[in-house]
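This is data02.cif. It holds mmCIF, C-alpha atoms and all ligand atoms.
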```
data_run
loop_
_atom_site.label_atom_id
_atom_site.label_comp_id
_atom_site.auth_asym_id
_atom_site.auth_seq_id
_atom_site.Cartn_x
_atom_site.Cartn_y
_atom_site.Cartn_z
CA MET A 1 -113.79 1.43 -14.02
CA GLY A 2 -115.45 4.58 -15.39
CA LYS A 3 -114.63 8.03 -14.11
CA SER A 4 -116.82 8.96 -11.20
CA GLY A 5 -117.15 12.19 -9.30
CA VAL A 6 -114.82 14.01 -11.68
CA GLU A 7 -114.80 17.75 -11.27
CA ASN A 8 -115.89 19.70 -14.31
CA SER A 9 -115.99 23.46 -14.56
CA GLU A 10 -118.29 23.53 -17.61
CA PRO A 11 -121.73 24.98 -16.97
CA PHE A 12 -124.28 22.26 -16.41
CA PRO A 13 -126.72 22.10 -19.33
CA PHE A 14 -129.02 19.54 -17.76
CA PHE A 15 -130.51 21.79 -15.13
CA SER A 16 -133.80 23.03 -16.50
CA GLU A 17 -134.78 26.20 -14.70
CA ILE A 18 -138.41 26.08 -13.78
CA ASN A 19 -140.26 28.17 -11.30
CA MET A 20 -139.12 26.44 -8.12
CA THR A 21 -136.26 26.35 -5.66
CA ALA A 22 -134.32 23.31 -6.80
CA GLN A 23 -132.81 22.83 -10.19
CA ILE A 24 -134.00 19.74 -11.99
CA LEU A 25 -131.41 17.15 -12.99
CA ASP A 26 -132.87 16.00 -16.27
CA GLY A 27 -131.99 12.36 -16.92
CA ASN A 28 -133.64 12.36 -20.34
CA ALA A 29 -131.50 15.27 -21.58
CA LEU A 30 -128.27 13.92 -20.11
CA GLY A 31 -129.07 10.44 -21.40
CA GLN A 32 -129.75 11.71 -24.92
CA LYS A 33 -126.47 13.61 -24.97
CA LEU A 34 -124.46 10.56 -23.92
CA ARG A 35 -126.34 8.23 -26.23
CA ALA A 36 -125.56 10.41 -29.26
CA GLY A 37 -121.87 9.76 -28.57
CA PHE A 38 -122.53 6.02 -28.24
CA LYS A 39 -124.06 5.87 -31.72
CA GLN A 40 -120.91 7.30 -33.26
CA LYS A 41 -118.69 4.87 -31.35
CA ALA A 42 -120.97 1.92 -32.20
CA ASP A 43 -120.70 2.75 -35.89
CA GLU A 44 -116.91 3.01 -35.62
CA LEU A 45 -116.76 -0.40 -33.92
CA ALA A 46 -119.13 -1.89 -36.50
CA ALA A 47 -116.70 -0.74 -39.20
CA GLN A 48 -114.10 -2.90 -37.40
CA GLY A 49 -116.51 -5.86 -37.43
CA VAL A 50 -117.68 -5.50 -33.81
CA ARG A 51 -121.17 -4.02 -33.58
CA PRO A 52 -122.05 -3.79 -29.85
CA GLY A 53 -124.68 -6.41 -29.01
CA LEU A 54 -126.91 -6.85 -25.97
CA ALA A 55 -129.06 -9.88 -25.11
CA VAL A 56 -131.94 -9.37 -22.69
CA ILE A 57 -133.65 -12.27 -20.92
CA LEU A 58 -137.12 -11.76 -19.50
CA VAL A 59 -138.88 -14.45 -17.48
CA GLY A 60 -142.53 -13.96 -16.61
CA GLU A 61 -145.13 -11.32 -17.34
CA ASP A 62 -144.43 -8.55 -14.82
CA PRO A 63 -145.74 -5.40 -16.58
CA ALA A 64 -142.99 -3.14 -15.15
CA SER A 65 -140.28 -5.57 -16.28
CA GLN A 66 -141.82 -5.68 -19.75
CA VAL A 67 -141.61 -1.87 -19.95
CA TYR A 68 -137.98 -1.84 -18.74
CA VAL A 69 -137.00 -4.51 -21.27
CA ARG A 70 -138.76 -2.67 -24.09
CA ASN A 71 -136.93 0.54 -23.18
CA LYS A 72 -133.59 -1.27 -23.11
CA VAL A 73 -134.16 -2.86 -26.52
CA ASN A 74 -135.31 0.48 -27.96
CA GLY A 75 -132.25 2.16 -26.42
CA CYS A 76 -130.05 -0.34 -28.26
CA ALA A 77 -131.74 0.40 -31.58
CA GLN A 78 -131.32 4.17 -31.11
CA ALA A 79 -127.64 3.79 -30.26
CA GLY A 80 -126.98 1.57 -33.27
CA PHE A 81 -126.46 -1.58 -31.18
CA TYR A 82 -127.56 -5.09 -32.08
CA SER A 83 -129.98 -6.59 -29.56
CA GLU A 84 -131.85 -9.81 -28.88
CA LYS A 85 -134.76 -10.38 -26.52
CA HIS A 86 -135.47 -13.85 -25.08
CA THR A 87 -138.76 -14.18 -23.23
CA TYR A 88 -139.95 -17.12 -21.16
CA ALA A 89 -143.18 -18.11 -19.42
CA PRO A 90 -143.21 -17.57 -15.62
CA ASP A 91 -143.11 -21.35 -15.00
CA VAL A 92 -140.21 -22.07 -17.36
CA ASP A 93 -137.71 -24.72 -16.28
CA PRO A 94 -134.63 -22.76 -15.06
CA LYS A 95 -132.42 -25.17 -17.03
CA ILE A 96 -133.75 -23.67 -20.26
CA VAL A 97 -132.66 -20.21 -19.12
CA PHE A 98 -129.24 -21.48 -17.97
CA ASP A 99 -128.77 -23.14 -21.37
CA LYS A 100 -129.63 -19.88 -23.14
CA ILE A 101 -127.13 -17.96 -20.98
CA ALA A 102 -124.43 -20.52 -21.86
CA GLU A 103 -125.25 -20.09 -25.54
CA LEU A 104 -125.13 -16.29 -25.27
CA ASN A 105 -121.83 -16.43 -23.33
CA ALA A 106 -120.31 -18.14 -26.39
CA ASP A 107 -121.99 -15.92 -29.00
CA PRO A 108 -119.54 -13.39 -30.50
CA LYS A 109 -122.41 -11.09 -31.56
CA ILE A 110 -123.27 -10.54 -27.89
CA HIS A 111 -121.17 -8.29 -25.63
CA GLY A 112 -123.63 -7.88 -22.80
CA ILE A 113 -126.19 -10.20 -21.21
CA LEU A 114 -128.90 -8.86 -18.96
CA VAL A 115 -131.38 -10.92 -17.00
CA GLN A 116 -134.28 -8.70 -16.00
CA LEU A 117 -135.00 -8.91 -12.27
CA PRO A 118 -137.00 -9.95 -10.36
CA LEU A 119 -137.05 -13.59 -11.42
CA PRO A 120 -139.87 -15.97 -10.40
CA LYS A 121 -139.46 -17.58 -6.98
CA HIS A 122 -138.43 -21.00 -8.31
CA PHE A 123 -135.23 -19.41 -9.70
CA ASP A 124 -132.01 -18.98 -7.73
CA ALA A 125 -131.37 -15.42 -8.94
CA GLU A 126 -127.79 -15.39 -7.65
CA ALA A 127 -126.97 -18.58 -9.58
CA VAL A 128 -128.52 -17.14 -12.73
CA LEU A 129 -126.45 -13.94 -12.49
CA ASP A 130 -123.32 -16.00 -11.77
CA ALA A 131 -123.93 -17.99 -14.96
CA ILE A 132 -123.32 -14.85 -17.03
CA SER A 133 -119.72 -14.62 -18.16
CA SER A 134 -117.90 -11.82 -16.29
CA GLU A 135 -116.88 -10.29 -19.65
CA LYS A 136 -120.59 -9.89 -20.51
CA ASP A 137 -121.92 -8.91 -17.07
CA VAL A 138 -122.92 -5.41 -18.20
CA ASP A 139 -125.36 -5.01 -15.29
CA GLY A 140 -122.36 -5.46 -12.99
CA PHE A 141 -124.31 -7.63 -10.54
CA ARG A 142 -121.92 -10.60 -10.23
CA ALA A 143 -120.13 -10.89 -6.89
CA GLU A 144 -116.79 -10.85 -8.70
CA ASN A 145 -117.69 -7.56 -10.35
CA ILE A 146 -118.82 -5.97 -7.09
CA GLY A 147 -115.54 -7.10 -5.50
CA ALA A 148 -113.60 -5.29 -8.23
CA LEU A 149 -115.75 -2.21 -7.68
CA VAL A 150 -114.97 -2.23 -3.96
CA GLN A 151 -111.25 -2.44 -4.72
CA GLY A 152 -111.46 0.33 -7.34
CA GLN A 153 -110.41 -2.07 -10.10
CA ARG A 154 -111.71 -2.12 -13.65
CA CYS A 155 -115.26 -3.43 -13.67
CA PHE A 156 -118.71 -2.87 -15.07
CA ILE A 157 -120.23 -0.31 -12.73
CA PRO A 158 -123.84 -1.25 -11.85
CA CYS A 159 -125.97 0.89 -14.12
CA THR A 160 -128.23 2.79 -11.71
CA PRO A 161 -125.44 4.03 -9.38
CA TYR A 162 -123.29 4.69 -12.47
CA GLY A 163 -126.06 6.88 -13.88
CA ALA A 164 -126.38 8.74 -10.59
CA MET A 165 -122.64 9.50 -10.62
CA LYS A 166 -122.97 10.94 -14.12
CA PHE A 167 -125.30 13.64 -12.76
CA PHE A 168 -122.55 14.83 -10.41
CA GLU A 169 -119.85 14.50 -13.04
CA GLU A 170 -121.75 16.44 -15.68
CA ALA A 171 -122.86 19.08 -13.18
CA GLY A 172 -119.33 19.65 -11.97
CA ILE A 173 -120.43 18.85 -8.44
CA SER A 174 -117.36 17.79 -6.48
CA LEU A 175 -118.03 15.06 -3.95
CA LYS A 176 -114.74 15.51 -2.12
CA GLY A 177 -115.36 16.03 1.58
CA LYS A 178 -119.15 16.02 1.15
CA ASP A 179 -121.43 14.15 3.51
CA ALA A 180 -123.41 11.65 1.44
CA VAL A 181 -126.28 9.56 2.73
CA VAL A 182 -127.62 6.59 0.79
CA VAL A 183 -130.96 5.26 1.98
CA GLY A 184 -131.14 1.60 0.93
CA ARG A 185 -128.50 -1.13 1.05
CA SER A 186 -129.42 -3.44 -1.82
CA ASN A 187 -126.67 -5.16 -3.77
CA ILE A 188 -127.79 -3.59 -7.03
CA VAL A 189 -128.27 0.04 -5.94
CA GLY A 190 -127.51 1.05 -2.35
CA LYS A 191 -124.19 -0.72 -1.75
CA PRO A 192 -122.53 0.08 -5.09
CA MET A 193 -123.85 3.66 -4.87
CA ALA A 194 -122.20 4.11 -1.48
CA MET A 195 -118.94 2.66 -2.80
CA LEU A 196 -118.86 5.02 -5.78
CA LEU A 197 -119.56 8.05 -3.58
CA MET A 198 -116.79 6.97 -1.23
CA HIS A 199 -114.33 6.50 -4.10
CA ALA A 200 -115.23 10.03 -5.24
CA GLY A 201 -114.22 11.46 -1.87
CA ALA A 202 -117.53 11.69 0.00
CA THR A 203 -117.99 10.56 3.59
CA VAL A 204 -120.79 8.05 3.23
CA THR A 205 -123.52 6.84 5.56
CA ILE A 206 -125.74 3.96 4.47
CA CYS A 207 -129.21 3.89 6.03
CA HIS A 208 -131.71 1.04 5.95
CA SER A 209 -134.83 -0.24 7.65
CA GLN A 210 -133.07 -0.65 10.99
CA THR A 211 -131.52 2.82 11.05
CA LYS A 212 -132.48 4.47 14.33
CA ASP A 213 -133.07 8.06 13.29
CA LEU A 214 -133.39 8.24 9.53
CA LYS A 215 -134.46 11.89 9.51
CA ALA A 216 -131.41 13.02 11.52
CA ASN A 217 -129.12 11.13 9.16
CA CYS A 218 -130.78 12.54 6.06
CA LEU A 219 -130.60 16.08 7.41
CA ARG A 220 -126.79 15.81 7.52
CA ALA A 221 -126.57 14.93 3.84
CA ASP A 222 -125.03 17.29 1.29
CA VAL A 223 -125.88 14.51 -1.16
CA LEU A 224 -128.91 12.33 -0.49
CA VAL A 225 -129.65 9.22 -2.54
CA ALA A 226 -132.97 7.46 -2.00
CA ALA A 227 -133.17 3.80 -3.08
CA ILE A 228 -135.88 2.44 -0.84
CA GLY A 229 -138.89 1.35 -2.89
CA ARG A 230 -141.43 3.35 -0.86
CA PRO A 231 -143.41 6.10 -2.58
CA LYS A 232 -142.60 9.67 -1.46
CA PHE A 233 -140.92 8.36 1.69
CA ILE A 234 -138.30 11.12 1.94
CA THR A 235 -140.10 14.38 2.58
CA GLY A 236 -138.83 17.95 2.38
CA ASP A 237 -138.35 18.19 6.14
CA MET A 238 -135.76 15.39 5.85
CA VAL A 239 -133.66 17.26 3.29
CA LYS A 240 -130.80 19.56 4.28
CA PRO A 241 -131.20 23.00 2.67
CA GLY A 242 -129.11 23.09 -0.52
CA ALA A 243 -128.62 19.31 -0.71
CA VAL A 244 -128.40 17.47 -4.02
CA VAL A 245 -131.08 14.76 -4.08
CA ILE A 246 -130.95 11.71 -6.33
CA ASP A 247 -134.20 9.76 -6.33
CA VAL A 248 -133.67 6.23 -7.57
CA GLY A 249 -137.09 4.92 -6.58
CA ILE A 250 -139.70 3.91 -9.11
CA ASN A 251 -143.11 3.30 -7.56
CA ARG A 252 -146.53 3.04 -9.15
CA LEU A 253 -149.32 4.87 -7.34
CA PRO A 254 -152.91 3.56 -7.22
CA ASP A 255 -153.86 6.10 -9.93
CA GLY A 256 -151.27 4.50 -12.24
CA LYS A 257 -148.80 7.39 -12.08
CA LEU A 258 -145.12 6.83 -11.32
CA CYS A 259 -143.38 8.46 -8.39
CA GLY A 260 -140.05 8.21 -6.66
CA ASP A 261 -138.99 7.49 -3.10
CA VAL A 262 -138.73 11.24 -2.52
CA ASP A 263 -141.70 13.55 -2.12
CA PHE A 264 -140.66 15.73 -5.03
CA GLU A 265 -143.04 18.60 -4.27
CA SER A 266 -141.73 19.26 -0.76
CA ALA A 267 -138.09 18.25 -1.41
CA LYS A 268 -137.67 20.59 -4.38
CA GLU A 269 -138.37 23.54 -2.10
CA VAL A 270 -135.34 22.69 0.04
CA ALA A 271 -132.81 20.97 -2.26
CA SER A 272 -130.45 22.81 -4.60
CA ALA A 273 -130.85 20.12 -7.26
CA ILE A 274 -133.06 17.06 -7.57
CA THR A 275 -133.83 14.28 -10.04
CA PRO A 276 -137.49 13.89 -11.01
CA VAL A 277 -139.38 10.60 -11.34
CA PRO A 278 -139.97 9.81 -14.11
CA GLY A 279 -137.19 11.40 -16.15
CA GLY A 280 -134.25 11.23 -13.73
CA ALA A 281 -132.42 8.10 -12.62
CA GLY A 282 -134.51 5.77 -14.85
CA PRO A 283 -133.31 6.94 -18.27
CA MET A 284 -129.76 7.23 -16.94
CA THR A 285 -129.83 3.58 -15.87
CA ILE A 286 -130.56 2.49 -19.43
CA THR A 287 -127.97 4.93 -20.75
CA MET A 288 -125.28 3.40 -18.56
CA LEU A 289 -126.34 -0.12 -19.57
CA LEU A 290 -125.58 0.97 -23.12
CA ALA A 291 -122.28 2.50 -21.94
CA ASN A 292 -121.25 -0.80 -20.34
CA THR A 293 -122.25 -2.79 -23.45
CA LEU A 294 -120.22 -0.41 -25.57
CA GLU A 295 -117.24 -0.78 -23.23
CA SER A 296 -117.52 -4.56 -23.47
CA ALA A 297 -117.53 -4.37 -27.28
CA GLU A 298 -114.55 -1.99 -27.19
CA ARG A 299 -112.61 -4.55 -25.11
CA VAL A 300 -113.37 -7.22 -27.73
CA ALA A 301 -112.30 -4.92 -30.57
CA ALA A 302 -109.09 -3.98 -28.74
CA ALA A 303 -108.28 -7.67 -28.16
CA LYS A 304 -108.64 -8.34 -31.91
CA LYS A 305 -105.94 -5.78 -32.78
P1 LIG B 1 -134.61 -3.27 -2.29
O1 LIG B 1 -136.00 -3.60 -1.87
O2 LIG B 1 -133.69 -4.35 -2.67
O3 LIG B 1 -133.91 -2.41 -1.14
C1 LIG B 1 -134.63 -1.41 -0.47
C2 LIG B 1 -133.77 -0.86 0.63
O4 LIG B 1 -134.52 0.14 1.30
C3 LIG B 1 -133.37 -1.91 1.66
O5 LIG B 1 -132.00 -1.80 1.98
C4 LIG B 1 -134.24 -1.58 2.86
O6 LIG B 1 -133.62 -1.82 4.12
C5 LIG B 1 -134.42 -0.08 2.70
N1 LIG B 1 -135.63 0.34 3.38
C6 LIG B 1 -136.87 -0.18 3.28
N2 LIG B 1 -137.71 0.44 4.12
C7 LIG B 1 -136.98 1.37 4.77
C8 LIG B 1 -137.28 2.32 5.77
N3 LIG B 1 -138.51 2.42 6.29
N4 LIG B 1 -136.30 3.13 6.22
C9 LIG B 1 -135.04 3.02 5.71
N5 LIG B 1 -134.71 2.14 4.76
C10 LIG B 1 -135.66 1.32 4.30
O7 LIG B 1 -134.76 -2.21 -3.48
P2 LIG B 1 -133.76 -1.79 -4.67
O8 LIG B 1 -132.50 -1.26 -4.11
O9 LIG B 1 -133.72 -2.86 -5.68
O10 LIG B 1 -134.61 -0.60 -5.31
C11 LIG B 1 -134.90 0.57 -4.58
C12 LIG B 1 -135.82 1.44 -5.41
O11 LIG B 1 -135.16 1.80 -6.61
C13 LIG B 1 -137.11 0.76 -5.86
O12 LIG B 1 -138.13 1.75 -5.93
C14 LIG B 1 -136.80 0.27 -7.26
O13 LIG B 1 -137.95 0.17 -8.06
C15 LIG B 1 -135.92 1.40 -7.73
N6 LIG B 1 -134.99 1.03 -8.79
C16 LIG B 1 -134.86 1.91 -9.81
C17 LIG B 1 -133.99 1.68 -10.82
C18 LIG B 1 -133.88 2.69 -11.88
O14 LIG B 1 -133.57 2.35 -13.00
N7 LIG B 1 -134.12 3.98 -11.58
C19 LIG B 1 -133.17 0.46 -10.88
C20 LIG B 1 -133.30 -0.37 -9.70
C21 LIG B 1 -134.19 -0.08 -8.70
P3 LIG B 1 -133.27 -3.32 4.63
O15 LIG B 1 -132.06 -3.73 3.86
O16 LIG B 1 -133.01 -3.13 6.07
O17 LIG B 1 -134.47 -4.15 4.31
#
```
Here is the file; what I need is its structure written in the form of structure tokens.
Amino acid sequence: MGKSGVENSEPFPFFSEINMTAQILDGNALGQKLRAGFKQKADELAAQGVRPGLAVILVGEDPASQVYVRNKVNGCAQAGFYSEKHTYAPDVDPKIVFDKIAELNADPKIHGILVQLPLPKHFDAEAVLDAISSEKDVDGFRAENIGALVQGQRCFIPCTPYGAMKFFEEAGISLKGKDAVVVGRSNIVGKPMAMLLMHAGATVTICHSQTKDLKANCLRADVLVAAIGRPKFITGDMVKPGAVVIDVGINRLPDGKLCGDVDFESAKEVASAITPVPGGAGPMTITMLLANTLESAERVAAAKK
């Protein structure tokens, strides 16, 4: 399991000071810094005959998914990784996808397999994720992987929460004894995020659609993570003065622009630090996907020695 919530006394280079109250946690800058290190490691592994390789499976024509997959494949190229993209029509027979996953599980060029979600309705998404070998589950979505995460054992940390933790780690923000509130309880973001914050020493509250007084809960948060899927849902009056706000949401507005689950304009006036959308949690998610793929390749190289 990667280091999370590690204290670091170095000054934080990813805050860009602009004329506003909160400092901006720049996911592009932090991602670029980490990815530069990945390239060097990938080249070292390639010299040992193990170039990190990622296979991405995309079913259907969802425009957002197509953008995410393109960014992941481009991220691989920049980091010196091998990658493959397998695309299927929305009405593809699931057996064809299961067969491809089985083939990729056995392919030594591939160290990570990612199935872009959401899948069409005729797929059993859980069964598809379970078909990925646990050694190649670089998204960290398999139940087995989440179980290891809960127990603090070695695992692939789900990429979006992993990226969020990197902001704290790089900023030298200690989470010990902090009150953290995660809004959203999905298996891929909210739950693993809460677990990582707890492992790092925070006292964690998870809020969701049935939470009685969301605002009161949010106002207690030294660290507030929004993973809801509702544009600008968390407003400045829900943010505790000086809180660190991580906005995981990616929503497309009617004018085509992207926005997060946090109302950035009002929240930045209250928070001490905040991630923007775009340019915050999104690029860090892809960065940590690359980190997990690299880790998988490192395990293979170590086993060869
Ligand atoms: P889900 O739809 O799976 O989960 C949303 C969560 O928000 C649910 O737990 C839901 O509660 C909760 N919620 C919904 N409405 C409310 C409300 N009114 N008050 C409180 N809680 C509420 O979404 P994901 O976790 O998959 O994604 C969340 C967001 O993050 C989305 O915008 C998504 O696009 C984005 N995302 C971004 C990524 C990135 O790379 N930056 C990666 C993955 C996701 P309940 O469980 O009760 O229904």
Who sits within 12 Å of Arg299 of chain A, all atoms listed in the file, same chain under 3 positions skipped, as a short mmCIF file (atom, residue, chain, number, x, y, z; two decimals) with C-alpha atoms, in the coordinates of the input:
```cif
data_model
loop_
_atom_site.label_atom_id
_atom_site.label_comp_id
_atom_site.auth_asym_id
_atom_site.auth_seq_id
_atom_site.Cartn_x
_atom_site.Cartn_y
_atom_site.Cartn_z
CA LEU A 45 -116.76 -0.40 -33.92
CA VAL A 50 -117.68 -5.50 -33.81
CA PRO A 52 -122.05 -3.79 -29.85
CA HIS A 111 -121.17 -8.29 -25.63
CA GLY A 112 -123.63 -7.88 -22.80
CA GLU A 135 -116.88 -10.29 -19.65
CA LYS A 136 -120.59 -9.89 -20.51
CA ARG A 154 -111.71 -2.12 -13.65
CA CYS A 155 -115.26 -3.43 -13.67
CA PHE A 156 -118.71 -2.87 -15.07
CA ASN A 292 -121.25 -0.80 -20.34
CA THR A 293 -122.25 -2.79 -23.45
CA LEU A 294 -120.22 -0.41 -25.57
CA GLU A 295 -117.24 -0.78 -23.23
CA SER A 296 -117.52 -4.56 -23.47
CA ALA A 302 -109.09 -3.98 -28.74
CA ALA A 303 -108.28 -7.67 -28.16
CA LYS A 304 -108.64 -8.34 -31.91
CA LYS A 305 -105.94 -5.78 -32.78
#
```
Report as a Markdown table the residues of chain A within 9 Å of ligand LIG 1 (chain B), each with its shortest atom pair and distance in Å (one decimal), using all atoms listed in the file, ordered by chain and increasing residue number.
```
| residue | atom | partner | partner_atom | distance |
| --- | --- | --- | --- | --- |
| A:Tyr68 | CA | B:LIG1 | O14 | 8.4 |
| A:Cys159 | CA | B:LIG1 | O14 | 7.8 |
| A:Thr160 | CA | B:LIG1 | O14 | 5.5 |
| A:Pro161 | CA | B:LIG1 | C19 | 8.6 |
| A:Gly163 | CA | B:LIG1 | O14 | 8.8 |
| A:Val183 | CA | B:LIG1 | N5 | 5.6 |
| A:Gly184 | CA | B:LIG1 | C2 | 3.6 |
| A:Arg185 | CA | B:LIG1 | O5 | 3.7 |
| A:Ser186 | CA | B:LIG1 | O8 | 4.4 |
| A:Asn187 | CA | B:LIG1 | O8 | 7.0 |
| A:Ile188 | CA | B:LIG1 | O8 | 6.0 |
| A:Val189 | CA | B:LIG1 | O8 | 4.8 |
| A:Gly190 | CA | B:LIG1 | O8 | 5.8 |
| A:Lys191 | CA | B:LIG1 | O8 | 8.7 |
| A:Ile206 | CA | B:LIG1 | O5 | 8.9 |
| A:Cys207 | CA | B:LIG1 | C9 | 5.9 |
| A:His208 | CA | B:LIG1 | N5 | 3.4 |
| A:Ser209 | CA | B:LIG1 | N5 | 3.7 |
| A:Gln210 | CA | B:LIG1 | O16 | 5.5 |
| A:Thr211 | CA | B:LIG1 | C9 | 6.4 |
| A:Leu214 | CA | B:LIG1 | C9 | 6.7 |
| A:Ala226 | CA | B:LIG1 | C12 | 7.5 |
| A:Ala227 | CA | B:LIG1 | C11 | 4.0 |
| A:Ile228 | CA | B:LIG1 | O4 | 3.4 |
| A:Gly229 | CA | B:LIG1 | O12 | 3.2 |
| A:Arg230 | CA | B:LIG1 | O12 | 6.3 |
| A:Pro231 | CA | B:LIG1 | O12 | 7.6 |
| A:Phe233 | CA | B:LIG1 | N3 | 7.9 |
| A:Asp247 | CA | B:LIG1 | N7 | 7.8 |
| A:Val248 | CA | B:LIG1 | N7 | 4.6 |
| A:Gly249 | CA | B:LIG1 | O12 | 3.4 |
| A:Ile250 | CA | B:LIG1 | O12 | 4.2 |
| A:Asn251 | CA | B:LIG1 | O12 | 5.5 |
| A:Cys259 | CA | B:LIG1 | O12 | 8.9 |
| A:Gly260 | CA | B:LIG1 | O12 | 6.8 |
| A:Asp261 | CA | B:LIG1 | O12 | 6.5 |
| A:Val277 | CA | B:LIG1 | N7 | 8.5 |
| A:Pro278 | CA | B:LIG1 | N7 | 8.6 |
| A:Gly280 | CA | B:LIG1 | N7 | 7.6 |
| A:Ala281 | CA | B:LIG1 | N7 | 4.6 |
| A:Gly282 | CA | B:LIG1 | N7 | 3.7 |
| A:Pro283 | CA | B:LIG1 | O14 | 7.0 |
| A:Met284 | CA | B:LIG1 | O14 | 7.3 |
| A:Thr285 | CA | B:LIG1 | O14 | 4.9 |
| A:Ile286 | CA | B:LIG1 | O14 | 7.1 |
```
Exercise for review: Name all residues at most 12 Å from Ala273 of chain A (count all atoms listed in the file; drop same-chain ones fewer than 4 positions away) and give them as an MDAnalysis selection string.
Suggested key: chainID A and resid 12 14:18 20:26 167:168 171 173 222:225 239:247 264 267:269 280
Point to revise | Top pick for closest residue to Ala46 of chain A, considering A:Lys212, A:Lys232, A:Ala127, A:Lys109 and counting all atoms listed in the file | key: A:Lys109
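Using only C-alpha atoms, the smallest distance between any of A:Met165, A:Met288, A:Ile146, A:Leu197 and Gly75 of chain A comes from A:Met288.
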Exercise for review: Could you tell me how far atom CA of Gln78 of chain A lies from atom CA of Lys39 of chain A, in Å and to one decimal?
Suggested key: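 Value for the atom CA of Gln78 of chain A-atom CA of Lys39 of chain A distance: 7.5 Å.
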9 Å contact set for Lys215 of chain A, all atoms listed in the file, chain neighbours under 6 positions out, as a PDB file with C-alpha atoms, keeping the file's coordinate frame:
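Done, and the output landed in out.pdb:
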```pdb
ATOM      1  CA  ILE A 234    -138.300  11.120   1.940  1.00  0.00           C
ATOM      2  CA  ASP A 237    -138.350  18.190   6.140  1.00  0.00           C
ATOM      3  CA  MET A 238    -135.760  15.390   5.850  1.00  0.00           C
ATOM      4  CA  VAL A 239    -133.660  17.260   3.290  1.00  0.00           C
TER       5      VAL A 239
END
```
Padding 6 Å on every side, please: axis-aligned box over the listed atoms of segment 65-74 of chain A, centre and edge lengths to one decimal in Å, as AutoDock Vina command-line options.
```
--center_x -137.7 --center_y -2.6 --center_z -22.1 --size_x 20.2 --size_y 18.2 --size_z 23.7
```
Exercise for review: Within 6 Å of Thr87 of chain A, counting all atoms listed in the file, which residues show up once you throw out same-chain ones fewer than 3 positions away? Write them as a PyMOL selection string, please.
Suggested key: chain A and resi 57-59
Check your understanding: Out of A:Lys85, A:Lys176, A:Arg35, A:Arg220, which residue has the shortest atom-to-atom distance to Gly201 of chain A when counting only C-alpha atoms?
Key ->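 Residue with the minimum atom-to-atom distance to Gly201 of chain A: A:Lys176.
For the pair atom CA of Ser65 of chain A and atom CA of Leu114 of chain A, the separation is 12.1 Å.
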Check your understanding: What does the distance from atom CA of Gly37 of chain A to atom CA of Cys76 of chain A come to in Å, to one decimal?
Key ->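 Here the two named atoms are 13.0 Å from each other.
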Point to revise | From A:Gly80, A:Asn71, A:Ala131, A:Ala64, residue lying nearest Lys95 of chain A [only C-alpha atoms] | key: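 The shortest atom-to-atom distance to Lys95 of chain A comes from A:Ala131.
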Point to revise | Nearest to Leu30 of chain A, chosen from A:Ile157, A:Ile113, A:Leu196, A:Ala164, with all atoms listed in the file counted in the distances | key: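 Closest residue, counting all atoms listed in the file: A:Ala164.
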**Study point:** Among the residues A:Gly279, A:Asp255, A:Ala291, A:Asn28, the one that comes closest to Gly140 of chain A [using only C-alpha atoms]
**Key:**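 With only C-alpha atoms as the atom set, the closest residue is A:Ala291.
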Point to revise | Contacts of Thr205 of chain A at 8 Å (all atoms listed in the file; same-chain gap of 5+ positions) as a VMD selection string | key: chain A and resid 179 to 182 194 217
What would segment 66-74 of chain A look like with N, CA and C atoms in place, written as a PDB file, in the coordinates of the input?
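Output below, filename out_23.pdb:
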```pdb
ATOM      1  N   GLN A  66    -141.631  -5.729 -18.296  1.00  0.00           N
ATOM      2  CA  GLN A  66    -141.820  -5.680 -19.750  1.00  0.00           C
ATOM      3  C   GLN A  66    -141.501  -4.279 -20.285  1.00  0.00           C
ATOM      4  N   VAL A  67    -141.898  -3.248 -19.528  1.00  0.00           N
ATOM      5  CA  VAL A  67    -141.610  -1.870 -19.950  1.00  0.00           C
ATOM      6  C   VAL A  67    -140.102  -1.625 -19.927  1.00  0.00           C
ATOM      7  N   TYR A  68    -139.429  -2.055 -18.846  1.00  0.00           N
ATOM      8  CA  TYR A  68    -137.980  -1.840 -18.740  1.00  0.00           C
ATOM      9  C   TYR A  68    -137.248  -2.510 -19.900  1.00  0.00           C
ATOM     10  N   VAL A  69    -137.664  -3.764 -20.194  1.00  0.00           N
ATOM     11  CA  VAL A  69    -137.000  -4.510 -21.270  1.00  0.00           C
ATOM     12  C   VAL A  69    -137.234  -3.820 -22.615  1.00  0.00           C
ATOM     13  N   ARG A  70    -138.469  -3.371 -22.829  1.00  0.00           N
ATOM     14  CA  ARG A  70    -138.760  -2.670 -24.090  1.00  0.00           C
ATOM     15  C   ARG A  70    -137.880  -1.432 -24.223  1.00  0.00           C
ATOM     16  N   ASN A  71    -137.752  -0.677 -23.122  1.00  0.00           N
ATOM     17  CA  ASN A  71    -136.930   0.540 -23.180  1.00  0.00           C
ATOM     18  C   ASN A  71    -135.462   0.217 -23.441  1.00  0.00           C
ATOM     19  N   LYS A  72    -134.990  -0.887 -22.897  1.00  0.00           N
ATOM     20  CA  LYS A  72    -133.590  -1.270 -23.110  1.00  0.00           C
ATOM     21  C   LYS A  72    -133.356  -1.661 -24.565  1.00  0.00           C
ATOM     22  N   VAL A  73    -134.298  -2.441 -25.110  1.00  0.00           N
ATOM     23  CA  VAL A  73    -134.160  -2.860 -26.520  1.00  0.00           C
ATOM     24  C   VAL A  73    -134.264  -1.645 -27.436  1.00  0.00           C
ATOM     25  N   ASN A  74    -135.197  -0.738 -27.143  1.00  0.00           N
ATOM     26  CA  ASN A  74    -135.310   0.480 -27.960  1.00  0.00           C
ATOM     27  C   ASN A  74    -134.047   1.334 -27.846  1.00  0.00           C
TER      28      ASN A  74
END
```
